[in-house]
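Here is the structure we will look at.
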Amino acid sequence: MQTIRIDKVNKRFGQLDVLSDIDFTIEKGEFAAIVGPSGCGKSTVLRMIAGLETPSGGQVLANGEPIRKPDPQRVLIFQEHALYPWRTVEDNVGFGLELAGVPPKERRYRVDEVLEKVGLSGFQKYFPAQLSGGMKQRASIARALVMNPEVLLLDEPYGALDAITRLTMQNELIKLWRGTGKTVLLITHDIDEAVYLADTIYVMSPRPGRIIKKLQTDMPRPRNRNSAEFVRLRQEIMDSLDIGTYNI
Ligand SMILES: Nc1ncnc2c1ncn2[C@@H]1O[C@H](COP(=O)(O)OP(=O)(O)OP(=O)(O)O)[C@@H](O)[C@H]1O
Ligand SMILES: [Mg+2]
């Protein structure tokens with residue numbers, strides 16, 4: 001399993017300062033979340049950990065080694081699902097296994113197992129156009145899970161899901177993480193989702209993004225969204241994002 005270290009990272013795109021002095025460590029097996037306003041650089045942080053982007057200053061390390069390129073042990077689930085429209089659900093989900101040379105029989109077994117986890121059993125032969133939006137998103141989550149990566153990087157994975165599916169998927173994610181000790185970094189706009197899921201929550205400022213708060217909790221799971229500790233954490237995040245006060 002992997003420790004991820006973001007070491008005094010800055011990022012600029014041309015004239016645009018996007019990230020400023022980002023510094024944090026996600027320990028092996030930790031579940032971390034980042035919340036922050038739109039455009040503050042959250043996806044950019046994730047893309048650097050995934051090896052798709054390089055820092056302008058500082059370093060991004062996995063187990064002490066600089067991350068220079070994508071690695072199948074660190075899988076990024078994008079904000080928008082990206083299924084191949086000409087492939088069925090099972091062929092989309094099994095695509096990475098196919099590339100890795102996993103034989104068809106084992107592939108089918110692993111694909112079926114993960115489709116069951118995301119609630120898509122029976123939809124193996126469907127094409128993306130025949131699925132609902134939420135089902136497409138679950139298929140793309142299945143495609144990442146089937147590779148069994150050590151690090152899961154989730155960029156608003158549930159943003160497009162309806163509220164009920166979203167809650168179910170949150171529980172599935174916890175089950176999955178608990179059983180395997182994977183390192184997880186979740187980006188979300190949903191403060192409740194962050195508090196429900198994560199051990200550590202980082203709050204970012206508007207661009208240029210900085211970490212303005214780190215909150216840690218060992219609330220037992222499944223978490224009660226109405227418990228005093230939950231409500232306190234939610235409020236603390238809202239306060240640091242400067243939400244919840246307005247003048248009439
Ligand atoms: N490849 C790129 N080239 C130029 N600018 C970019 C690039 N990628 C991101 N940016 C800029 O960096 C800033 C941060 O983008 P990023 O996607 O990381 O934000 P975010 O926090 O994920 O936002 P959201 O919550 O809306 O998804 C934005 O101003 C964006 O325009
Ligand atoms: Mg983003």
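Residue numbering restarts at 1 for every chain of the structure tokens, chains are lettered A, B, ... in their displayed order, and ligands are numbered from 1 as they appear.
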
field: Every residue of region 31-147 of chain A that DSSP places in helix (DSSP H, G or I), as JSON, numbers by chain
entry: {"A": [42, 43, 44, 45, 46, 47, 48, 49, 89, 90, 91, 92, 93, 95, 96, 97, 98, 99, 104, 105, 106, 107, 108, 109, 110, 111, 112, 113, 114, 115, 116, 117, 128, 129, 130, 133, 134, 135, 136, 137, 138, 139, 140, 141, 142, 143, 144, 145]}

- request: Please provide the set of residues having any atom within 10 Å of Thr200 (chain A), restricted to only C-alpha atoms, with same-chain residues fewer than 4 positions apart removed, written as JSON, numbers by chain.
  value: {"A": [26, 30, 31, 32, 33, 34, 185, 194, 195, 214, 215, 216, 217, 218]}

Sorted by chain and rising residue number, which residues of chain A lie within 8 Å of ligand 2, and what are their closest atom pairs and distances in Å to one decimal, counting only C-alpha atoms and all ligand atoms, as a Markdown table?
```
| residue | atom | partner | partner_atom_place_in_ligand_line | distance |
| --- | --- | --- | --- | --- |
| A:Ser38 | CA | ligand 2 | 1 (Mg) | 6.9 |
| A:Gly39 | CA | ligand 2 | 1 (Mg) | 6.8 |
| A:Gly41 | CA | ligand 2 | 1 (Mg) | 6.9 |
| A:Lys42 | CA | ligand 2 | 1 (Mg) | 5.5 |
| A:Ser43 | CA | ligand 2 | 1 (Mg) | 4.1 |
| A:Thr44 | CA | ligand 2 | 1 (Mg) | 7.3 |
| A:Gln79 | CA | ligand 2 | 1 (Mg) | 6.8 |
| A:Asp155 | CA | ligand 2 | 1 (Mg) | 6.6 |
| A:Glu156 | CA | ligand 2 | 1 (Mg) | 7.3 |
| A:Ile187 | CA | ligand 2 | 1 (Mg) | 7.8 |
```

Take the selection from the previous step and output its residues with C-alpha atoms, as a short mmCIF file (atom, residue, chain, number, x, y, z; two decimals), in the first residue's frame.
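Contents of selection-v7.cif, freshly written:
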```cif
data_model
loop_
_atom_site.label_atom_id
_atom_site.label_comp_id
_atom_site.auth_asym_id
_atom_site.auth_seq_id
_atom_site.Cartn_x
_atom_site.Cartn_y
_atom_site.Cartn_z
CA SER A 38 -14.95 25.42 -7.61
CA GLY A 39 -11.77 26.25 -9.51
CA GLY A 41 -7.29 23.43 -7.93
CA LYS A 42 -8.69 20.22 -6.41
CA SER A 43 -8.70 18.25 -9.65
CA THR A 44 -5.20 19.55 -10.35
CA GLN A 79 -15.53 13.92 -12.60
CA ASP A 155 -12.81 13.28 -8.30
CA GLU A 156 -16.43 14.06 -7.45
CA ILE A 187 -12.62 15.22 -3.80
#
```

- request: Could you give me the residues within 12 Å of ligand 1, counting only C-alpha atoms and all ligand atoms, as a ChimeraX atom specification?
  value: /A:10-20,34-48,52-55,78-80,154-157,159,186-190,203-210

task: Identify which of the residues A:Thr183, A:Asp242, A:Phe123, A:Pro85 lies closest to Thr3 (chain A), counting only C-alpha atoms when measuring atom-to-atom distances.
output: A:Thr183

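Every protein or nucleic acid residue with an atom no more than 9 Å from Gly133 (chain A), counting only C-alpha atoms and leaving out same-chain residues fewer than 3 positions away, appears here: Lys136, Gln137, Arg138, Ala160 and Leu161 of chain A.
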
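Nearest residue to Ala144 (chain A), choosing from A:Phe95, A:Tyr126, A:Phe24, A:Tyr158 and counting only C-alpha atoms: A:Phe95.
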
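The interatomic distance for the pair CA of Gln59 (chain A) and CA of Arg5 (chain A) works out to 8.0 Å.
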
- request: Figure out the distance between CA of Arg234 (chain A) and CA of Met219 (chain A), please, to one decimal in Å.
  value: 13.1 Å

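If you look at CA of Arg166 (chain A) and CA of Val114 (chain A), they are 17.3 Å away from each other.
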